[in-house]
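Data file: my_file.cif. Format and content: mmCIF, C-alpha atoms.
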```cif
data_data
#
loop_
_atom_site.label_atom_id
_atom_site.label_comp_id
_atom_site.auth_asym_id
_atom_site.auth_seq_id
_atom_site.Cartn_x
_atom_site.Cartn_y
_atom_site.Cartn_z
CA MET A 1 69.60 -0.36 28.04
CA SER A 2 67.84 -2.46 30.55
CA VAL A 3 64.46 -4.15 30.28
CA ARG A 4 63.22 -1.95 33.03
CA ASN A 5 63.47 1.14 30.81
CA LEU A 6 61.36 -0.46 28.05
CA ARG A 7 58.32 -1.04 30.19
CA VAL A 8 55.47 1.39 29.83
CA PRO A 9 54.33 2.84 33.11
CA VAL A 10 50.90 1.61 34.23
CA LEU A 11 49.67 5.16 34.18
CA TYR A 12 49.93 5.26 30.36
CA ALA A 13 48.69 1.75 29.58
CA GLY A 14 45.36 1.74 27.70
CA GLY A 15 42.76 -0.75 26.55
CA PHE A 16 39.92 -2.77 27.99
CA THR A 17 40.10 -5.73 30.27
CA LEU A 18 38.71 -9.06 29.15
CA VAL A 19 35.78 -8.69 31.55
CA GLU A 20 34.80 -5.33 30.02
CA VAL A 21 34.96 -6.70 26.47
CA VAL A 22 32.83 -9.73 27.40
CA ALA A 23 30.29 -7.47 29.15
CA VAL A 24 29.92 -5.30 26.03
CA ILE A 25 29.49 -8.37 23.80
CA VAL A 26 26.80 -9.75 26.13
CA LEU A 27 24.96 -6.40 26.12
CA LEU A 28 25.10 -6.18 22.32
CA GLY A 29 23.75 -9.73 22.10
CA LEU A 30 20.84 -8.87 24.39
CA LEU A 31 20.02 -5.75 22.39
CA ALA A 32 20.10 -7.71 19.15
CA ALA A 33 17.86 -10.41 20.60
CA VAL A 34 15.27 -7.82 21.64
CA ALA A 35 15.40 -5.51 18.62
CA LEU A 36 15.91 -7.94 15.74
CA PRO A 37 12.47 -9.59 15.82
CA ARG A 38 10.90 -6.20 15.25
CA PHE A 39 12.63 -5.89 11.90
CA ILE A 40 12.02 -9.40 10.63
CA ASP A 41 9.04 -10.10 8.35
CA LEU A 42 8.19 -6.47 7.67
CA GLN A 43 7.74 -7.14 3.96
CA PRO A 44 4.13 -8.42 4.20
CA GLU A 45 3.14 -5.37 6.22
CA ALA A 46 4.86 -3.08 3.71
CA GLU A 47 3.12 -4.78 0.78
CA GLU A 48 -0.26 -4.44 2.49
CA ALA A 49 0.38 -0.76 3.17
CA SER A 50 1.41 -0.28 -0.46
CA THR A 51 -1.81 -1.92 -1.67
CA ARG A 52 -3.91 0.29 0.61
CA ALA A 53 -2.04 3.38 -0.63
CA GLN A 54 -2.65 2.44 -4.27
CA ALA A 55 -6.36 1.91 -3.53
CA ALA A 56 -6.55 5.27 -1.74
CA ALA A 57 -4.96 6.97 -4.75
CA LEU A 58 -7.55 5.36 -7.02
CA ILE A 59 -10.36 6.59 -4.74
CA SER A 60 -8.92 10.12 -4.93
CA GLN A 61 -8.76 9.97 -8.71
CA ASP A 62 -12.35 8.71 -8.83
CA THR A 63 -13.49 11.61 -6.63
CA ILE A 64 -11.72 14.10 -8.89
CA ASN A 65 -13.32 12.47 -11.92
CA VAL A 66 -16.83 12.69 -10.44
CA ALA A 67 -16.28 16.40 -9.73
CA ALA A 68 -15.07 16.90 -13.31
CA CYS A 69 -18.10 15.06 -14.69
CA ARG A 70 -20.59 16.98 -12.55
CA SER A 71 -19.08 20.30 -13.57
CA GLY A 72 -19.21 19.36 -17.25
CA SER A 73 -15.43 19.45 -17.63
CA SER A 74 -13.79 17.94 -20.68
CA ASP A 75 -11.55 16.03 -18.24
CA CYS A 76 -14.47 13.77 -17.31
CA VAL A 77 -13.78 10.08 -17.95
CA ASP A 78 -17.06 8.44 -18.90
CA ILE A 79 -16.99 4.89 -17.52
CA THR A 80 -19.96 2.94 -18.81
CA THR A 81 -18.76 -0.62 -18.26
CA THR A 82 -19.69 -2.69 -15.22
CA GLY A 83 -18.07 -5.20 -12.89
CA THR A 84 -14.40 -6.02 -13.27
CA GLN A 85 -14.33 -4.23 -16.64
CA ALA A 86 -15.23 -0.96 -14.89
CA CYS A 87 -12.48 -1.56 -12.34
CA ASP A 88 -9.95 -2.29 -15.10
CA GLU A 89 -11.06 0.75 -17.10
CA ALA A 90 -10.67 2.99 -14.05
CA ILE A 91 -7.12 1.77 -13.46
CA ASP A 92 -6.23 2.21 -17.13
CA GLU A 93 -7.64 5.76 -17.14
CA PHE A 94 -6.72 7.03 -13.67
CA PHE A 95 -3.61 5.07 -12.80
CA PRO A 96 -1.94 3.79 -15.98
CA HIS A 97 1.47 3.37 -14.29
CA LEU A 98 0.12 0.78 -11.81
CA ASP A 99 2.19 -2.39 -12.29
CA ARG A 100 -0.44 -4.90 -13.39
CA SER A 101 2.07 -7.74 -13.05
CA VAL A 102 2.06 -7.07 -9.29
CA PHE A 103 -1.60 -6.18 -8.73
CA THR A 104 -4.83 -7.89 -9.73
CA VAL A 105 -8.25 -6.31 -9.85
CA SER A 106 -11.63 -7.85 -9.24
CA ASN A 107 -15.01 -6.49 -8.32
CA ILE A 108 -17.57 -6.84 -5.57
CA ASP A 109 -21.21 -7.07 -6.57
CA SER A 110 -22.48 -3.47 -6.52
CA ASN A 111 -25.61 -4.63 -4.66
CA THR A 112 -23.44 -5.64 -1.68
CA PRO A 113 -23.74 -3.10 1.17
CA ALA A 114 -20.52 -1.20 1.90
CA GLU A 115 -20.44 -2.61 5.43
CA GLN A 116 -19.94 -6.09 3.95
CA TRP A 117 -17.16 -5.21 1.50
CA ALA A 118 -14.39 -5.98 4.00
CA SER A 119 -15.72 -9.51 4.50
CA GLN A 120 -15.01 -10.24 0.82
CA LEU A 121 -11.35 -9.28 0.96
CA ASP A 122 -8.39 -11.62 1.09
CA ASP A 123 -5.49 -10.76 3.38
CA GLY A 124 -3.58 -7.76 2.08
CA ALA A 125 -6.31 -6.66 -0.36
CA ALA A 126 -7.90 -3.21 -0.37
CA VAL A 127 -11.20 -1.81 -1.62
CA PHE A 128 -11.52 1.08 -4.03
CA TRP A 129 -14.48 2.09 -6.09
CA VAL A 130 -15.30 3.40 -9.49
CA THR A 131 -18.14 5.85 -9.92
CA ARG A 132 -19.79 5.25 -13.24
CA PHE A 133 -21.11 8.73 -13.94
CA LEU A 134 -22.81 7.67 -17.17
CA LEU A 135 -22.19 10.86 -19.07
CA THR A 136 -23.18 8.84 -22.11
CA PRO A 137 -25.43 6.03 -20.86
CA PRO A 138 -25.62 2.86 -22.96
CA SER A 139 -28.74 2.61 -25.09
CA ASP A 140 -30.12 -0.23 -22.96
CA ALA A 141 -29.39 1.52 -19.65
CA TRP A 142 -32.29 2.21 -17.34
CA LEU A 143 -30.29 5.01 -15.74
CA GLY A 144 -30.36 8.48 -17.20
CA GLN A 145 -27.49 10.81 -17.97
CA GLY A 146 -25.49 11.97 -14.97
CA TRP A 147 -26.63 9.14 -12.74
CA ASP A 148 -23.68 7.86 -10.79
CA VAL A 149 -23.33 4.29 -9.64
CA ARG A 150 -20.50 3.25 -7.36
CA GLN A 151 -18.84 -0.01 -8.39
CA PRO A 152 -16.75 -1.51 -5.56
CA CYS A 153 -13.46 -3.03 -6.70
CA VAL A 154 -10.76 -5.06 -4.98
CA LEU A 155 -7.06 -4.41 -5.48
CA SER A 156 -4.81 -7.25 -4.37
CA ARG A 157 -1.27 -8.49 -4.94
CA ASN A 158 -0.52 -11.47 -7.13
#
```
If you took the structure in this file and wrote it as structure tokens, what would it be?
Amino acid sequence: MSVRNLRVPVLYAGGFTLVEVVAVIVLLGLLAAVALPRFIDLQPEAEEASTRAQAAALISQDTINVAACRSGSSDCVDITTTGTQACDEAIDEFFPHLDRSVFTVSNIDSNTPAEQWASQLDDGAAVFWVTRFLLTPPSDAWLGQGWDVRQPCVLSRN
């Protein structure tokens, strides 16, 4: 058997040339250089979106609670505290599964106009509010039964 019989005809030879392989590697490198920065540092944006979503859920729960209180439902949660205590009480009542080791709650003075709430937020924080319906007003309250006061609260990450 001669060497000539062992050669594969050019017609059946397969594979890529070195130039083709290098071209593909260069193209993949360019794609990675363009696309990769879009996926780096997405965690802060995701955390901020998560905080806003939690605050939106608290606002929804507060709205449901106000409707329950106004209709005289037994599901009404009577929040009579003020300030940060009202914010904490709302989270405990409406959203007990919120991870308090991740989120902190504070309040904004209820006399602050809503247009100015955003100016009091740190980066990544979100505003929610608690409506104190005062189903059972405190004895020293100047507000009567059923009077609702909106207490702005701030939800932020630790």
Exercise. When distances are computed from only C-alpha atoms, which of A:Ser50, A:Arg38, A:Gly29, A:Val19 shows the smallest separation from Val102 of chain A?
Worked result: A:Ser50
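Between atom CA of Ala90 of chain A and atom CA of Asn65 of chain A there is a distance of 10.1 Å.
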Closest contacts (segment 4-109 of chain A/segment 152-156 of chain A, max 12 Å, all atoms listed in the file) as a Markdown table:
```
| residue | atom | partner | partner_atom | distance |
| --- | --- | --- | --- | --- |
| A:Glu47 | CA | A:Ser156 | CA | 9.8 |
| A:Glu48 | CA | A:Ser156 | CA | 8.7 |
| A:Ala49 | CA | A:Ser156 | CA | 11.2 |
| A:Ser50 | CA | A:Ser156 | CA | 10.1 |
| A:Thr51 | CA | A:Ser156 | CA | 6.7 |
| A:Arg52 | CA | A:Leu155 | CA | 8.3 |
| A:Ala53 | CA | A:Leu155 | CA | 10.5 |
| A:Gln54 | CA | A:Leu155 | CA | 8.2 |
| A:Ala55 | CA | A:Leu155 | CA | 6.7 |
| A:Ala56 | CA | A:Leu155 | CA | 10.4 |
| A:Ala57 | CA | A:Leu155 | CA | 11.6 |
| A:Leu58 | CA | A:Leu155 | CA | 9.9 |
| A:Ile59 | CA | A:Cys153 | CA | 10.3 |
| A:Asp62 | CA | A:Pro152 | CA | 11.6 |
| A:Thr82 | CA | A:Pro152 | CA | 10.2 |
| A:Gly83 | CA | A:Cys153 | CA | 8.0 |
| A:Thr84 | CA | A:Cys153 | CA | 7.3 |
| A:Gln85 | CA | A:Cys153 | CA | 10.0 |
| A:Ala86 | CA | A:Cys153 | CA | 8.6 |
| A:Cys87 | CA | A:Cys153 | CA | 5.9 |
| A:Asp88 | CA | A:Cys153 | CA | 9.1 |
| A:Glu89 | CA | A:Cys153 | CA | 11.3 |
| A:Ala90 | CA | A:Cys153 | CA | 9.9 |
| A:Ile91 | CA | A:Leu155 | CA | 10.1 |
| A:Leu98 | CA | A:Leu155 | CA | 10.9 |
| A:Asp99 | CA | A:Ser156 | CA | 11.6 |
| A:Arg100 | CA | A:Ser156 | CA | 10.3 |
| A:Ser101 | CA | A:Ser156 | CA | 11.1 |
| A:Val102 | CA | A:Ser156 | CA | 8.5 |
| A:Phe103 | CA | A:Ser156 | CA | 5.5 |
| A:Thr104 | CA | A:Ser156 | CA | 5.4 |
| A:Val105 | CA | A:Leu155 | CA | 4.9 |
| A:Ser106 | CA | A:Val154 | CA | 5.2 |
| A:Asn107 | CA | A:Cys153 | CA | 4.1 |
| A:Ile108 | CA | A:Pro152 | CA | 5.4 |
| A:Asp109 | CA | A:Pro152 | CA | 7.2 |
```
Problem set entry | Atom pair atom CA of Val149 of chain A / atom CA of Thr131 of chain A: separation (Å) |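 Between these atoms lies a distance of 5.4 Å.
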Exercise. Quick one: of A:Leu31, A:Ala125, A:Val77, A:Val130, who's nearest to Asn158 of chain A, counting only C-alpha atoms?
Worked result: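 Result for the nearest residue to Asn158 of chain A: A:Ala125.
Considering the residues A:Ile79, A:Asp123, A:Ser60, A:Leu36 and counting all atoms listed in the file, Phe95 of chain A has its shortest atom-to-atom contact with A:Ser60.
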For this session: Provide the atom CA of Ile64 of chain A to atom CA of Cys76 of chain A distance in Å, to one decimal place.
Result: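 According to the coordinates, atom CA of Ile64 of chain A and atom CA of Cys76 of chain A are separated by 8.9 Å.
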Extract segment 9-156 of chain A from the coordinates I pasted, and write it as a tab-separated table (two decimals), in the first residue's frame (atoms kept: C-alpha atoms).
```tsv
chain	number	residue	atom	x	y	z
A	9	PRO	CA	-8.89	13.73	-1.34
A	10	VAL	CA	-9.20	17.50	-0.95
A	11	LEU	CA	-12.86	17.23	-1.80
A	12	TYR	CA	-13.55	15.43	1.51
A	13	ALA	CA	-11.24	17.43	3.78
A	14	GLY	CA	-13.13	19.46	6.40
A	15	GLY	CA	-12.40	22.08	9.03
A	16	PHE	CA	-11.70	25.77	9.25
A	17	THR	CA	-8.62	27.62	8.20
A	18	LEU	CA	-6.60	29.53	10.74
A	19	VAL	CA	-7.83	32.84	9.30
A	20	GLU	CA	-11.47	31.82	9.77
A	21	VAL	CA	-10.89	30.75	13.37
A	22	VAL	CA	-9.08	34.01	14.19
A	23	ALA	CA	-11.89	36.03	12.56
A	24	VAL	CA	-14.52	34.29	14.69
A	25	ILE	CA	-12.50	34.86	17.88
A	26	VAL	CA	-12.11	38.56	17.04
A	27	LEU	CA	-15.86	38.90	16.40
A	28	LEU	CA	-16.71	37.16	19.68
A	29	GLY	CA	-14.31	39.48	21.49
A	30	LEU	CA	-15.97	42.54	19.97
A	31	LEU	CA	-19.43	41.30	20.90
A	32	ALA	CA	-18.31	40.62	24.46
A	33	ALA	CA	-16.74	44.07	24.73
A	34	VAL	CA	-19.98	45.73	23.62
A	35	ALA	CA	-22.50	43.56	25.49
A	36	LEU	CA	-20.71	42.84	28.76
A	37	PRO	CA	-20.86	46.36	30.24
A	38	ARG	CA	-24.64	46.22	30.00
A	39	PHE	CA	-24.74	43.30	32.41
A	40	ILE	CA	-22.22	44.57	34.94
A	41	ASP	CA	-23.44	46.39	38.06
A	42	LEU	CA	-27.10	45.52	37.64
A	43	GLN	CA	-27.44	44.64	41.32
A	44	PRO	CA	-27.96	48.23	42.57
A	45	GLU	CA	-30.68	48.78	39.98
A	46	ALA	CA	-32.33	45.49	40.94
A	47	GLU	CA	-32.23	46.38	44.64
A	48	GLU	CA	-33.76	49.79	43.95
A	49	ALA	CA	-36.52	48.20	41.88
A	50	SER	CA	-37.15	45.68	44.66
A	51	THR	CA	-37.46	48.49	47.22
A	52	ARG	CA	-39.91	50.38	45.00
A	53	ALA	CA	-41.95	47.19	44.52
A	54	GLN	CA	-42.12	46.57	48.27
A	55	ALA	CA	-43.24	50.18	48.83
A	56	ALA	CA	-45.89	49.84	46.12
A	57	ALA	CA	-47.20	46.67	47.77
A	58	LEU	CA	-47.44	48.52	51.09
A	59	ILE	CA	-49.38	51.35	49.42
A	60	SER	CA	-51.79	48.79	47.95
A	61	GLN	CA	-52.31	47.19	51.34
A	62	ASP	CA	-52.91	50.60	52.89
A	63	THR	CA	-55.53	51.40	50.24
A	64	ILE	CA	-57.29	48.10	50.89
A	65	ASN	CA	-57.20	48.80	54.62
A	66	VAL	CA	-58.74	52.27	54.21
A	67	ALA	CA	-61.56	50.76	52.13
A	68	ALA	CA	-62.12	48.11	54.82
A	69	CYS	CA	-62.19	50.77	57.54
A	70	ARG	CA	-64.60	53.03	55.66
A	71	SER	CA	-66.96	50.14	54.99
A	72	GLY	CA	-66.91	49.10	58.64
A	73	SER	CA	-65.31	45.74	57.89
A	74	SER	CA	-63.83	43.68	60.68
A	75	ASP	CA	-60.67	43.46	58.53
A	76	CYS	CA	-59.89	47.11	59.30
A	77	VAL	CA	-56.51	47.61	60.98
A	78	ASP	CA	-56.79	50.57	63.32
A	79	ILE	CA	-53.42	52.35	63.30
A	80	THR	CA	-53.36	55.03	65.97
A	81	THR	CA	-49.62	55.53	66.38
A	82	THR	CA	-47.68	58.29	64.65
A	83	GLY	CA	-44.31	58.78	62.98
A	84	THR	CA	-41.97	55.84	62.57
A	85	GLN	CA	-44.13	53.77	64.94
A	86	ALA	CA	-47.04	54.05	62.50
A	87	CYS	CA	-44.76	53.00	59.65
A	88	ASP	CA	-43.48	50.02	61.65
A	89	GLU	CA	-47.00	49.04	62.70
A	90	ALA	CA	-48.18	49.13	59.08
A	91	ILE	CA	-45.37	46.84	57.97
A	92	ASP	CA	-46.03	44.44	60.85
A	93	GLU	CA	-49.76	44.34	60.02
A	94	PHE	CA	-49.77	44.52	56.22
A	95	PHE	CA	-46.47	42.96	55.24
A	96	PRO	CA	-45.18	40.73	58.07
A	97	HIS	CA	-42.92	38.72	55.74
A	98	LEU	CA	-40.83	41.79	54.81
A	99	ASP	CA	-37.23	41.00	55.75
A	100	ARG	CA	-36.48	43.66	58.36
A	101	SER	CA	-32.80	42.72	58.34
A	102	VAL	CA	-32.66	44.01	54.74
A	103	PHE	CA	-35.02	47.00	54.96
A	104	THR	CA	-35.24	49.92	57.36
A	105	VAL	CA	-38.21	52.17	57.88
A	106	SER	CA	-38.33	55.81	58.82
A	107	ASN	CA	-40.90	58.53	58.49
A	108	ILE	CA	-41.26	61.92	56.86
A	109	ASP	CA	-42.95	64.66	58.87
A	110	SER	CA	-46.64	64.44	57.93
A	111	ASN	CA	-46.73	68.24	57.54
A	112	THR	CA	-44.28	68.00	54.62
A	113	PRO	CA	-46.08	68.48	51.27
A	114	ALA	CA	-46.09	65.38	49.05
A	115	GLU	CA	-44.15	67.27	46.37
A	116	GLN	CA	-41.20	67.50	48.76
A	117	TRP	CA	-41.13	63.86	49.87
A	118	ALA	CA	-38.70	62.82	47.12
A	119	SER	CA	-36.17	65.41	48.27
A	120	GLN	CA	-35.91	63.60	51.61
A	121	LEU	CA	-35.02	60.22	50.12
A	122	ASP	CA	-31.60	58.64	49.99
A	123	ASP	CA	-30.56	56.82	46.83
A	124	GLY	CA	-32.52	53.61	46.41
A	125	ALA	CA	-35.20	54.51	48.97
A	126	ALA	CA	-38.93	54.60	48.22
A	127	VAL	CA	-41.90	56.35	49.79
A	128	PHE	CA	-45.00	54.60	51.02
A	129	TRP	CA	-47.65	55.89	53.34
A	130	VAL	CA	-49.82	54.73	56.17
A	131	THR	CA	-53.33	56.06	56.50
A	132	ARG	CA	-54.21	56.31	60.14
A	133	PHE	CA	-57.97	55.88	59.92
A	134	LEU	CA	-58.45	56.38	63.66
A	135	LEU	CA	-61.29	53.94	64.07
A	136	THR	CA	-60.58	54.26	67.78
A	137	PRO	CA	-58.96	57.68	68.27
A	138	PRO	CA	-56.71	58.12	71.30
A	139	SER	CA	-58.35	59.97	74.17
A	140	ASP	CA	-56.12	63.02	73.65
A	141	ALA	CA	-56.66	63.12	69.87
A	142	TRP	CA	-58.16	66.24	68.38
A	143	LEU	CA	-59.35	64.20	65.41
A	144	GLY	CA	-62.67	62.41	65.53
A	145	GLN	CA	-63.50	58.85	64.60
A	146	GLY	CA	-63.00	57.97	60.95
A	147	TRP	CA	-60.66	60.86	60.26
A	148	ASP	CA	-57.81	59.62	58.13
A	149	VAL	CA	-54.34	61.09	58.26
A	150	ARG	CA	-51.69	60.01	55.77
A	151	GLN	CA	-48.30	59.38	57.36
A	152	PRO	CA	-45.49	59.31	54.77
A	153	CYS	CA	-42.86	56.64	55.39
A	154	VAL	CA	-39.53	55.80	53.80
A	155	LEU	CA	-38.47	52.25	52.98
A	156	SER	CA	-34.75	51.84	52.35
```
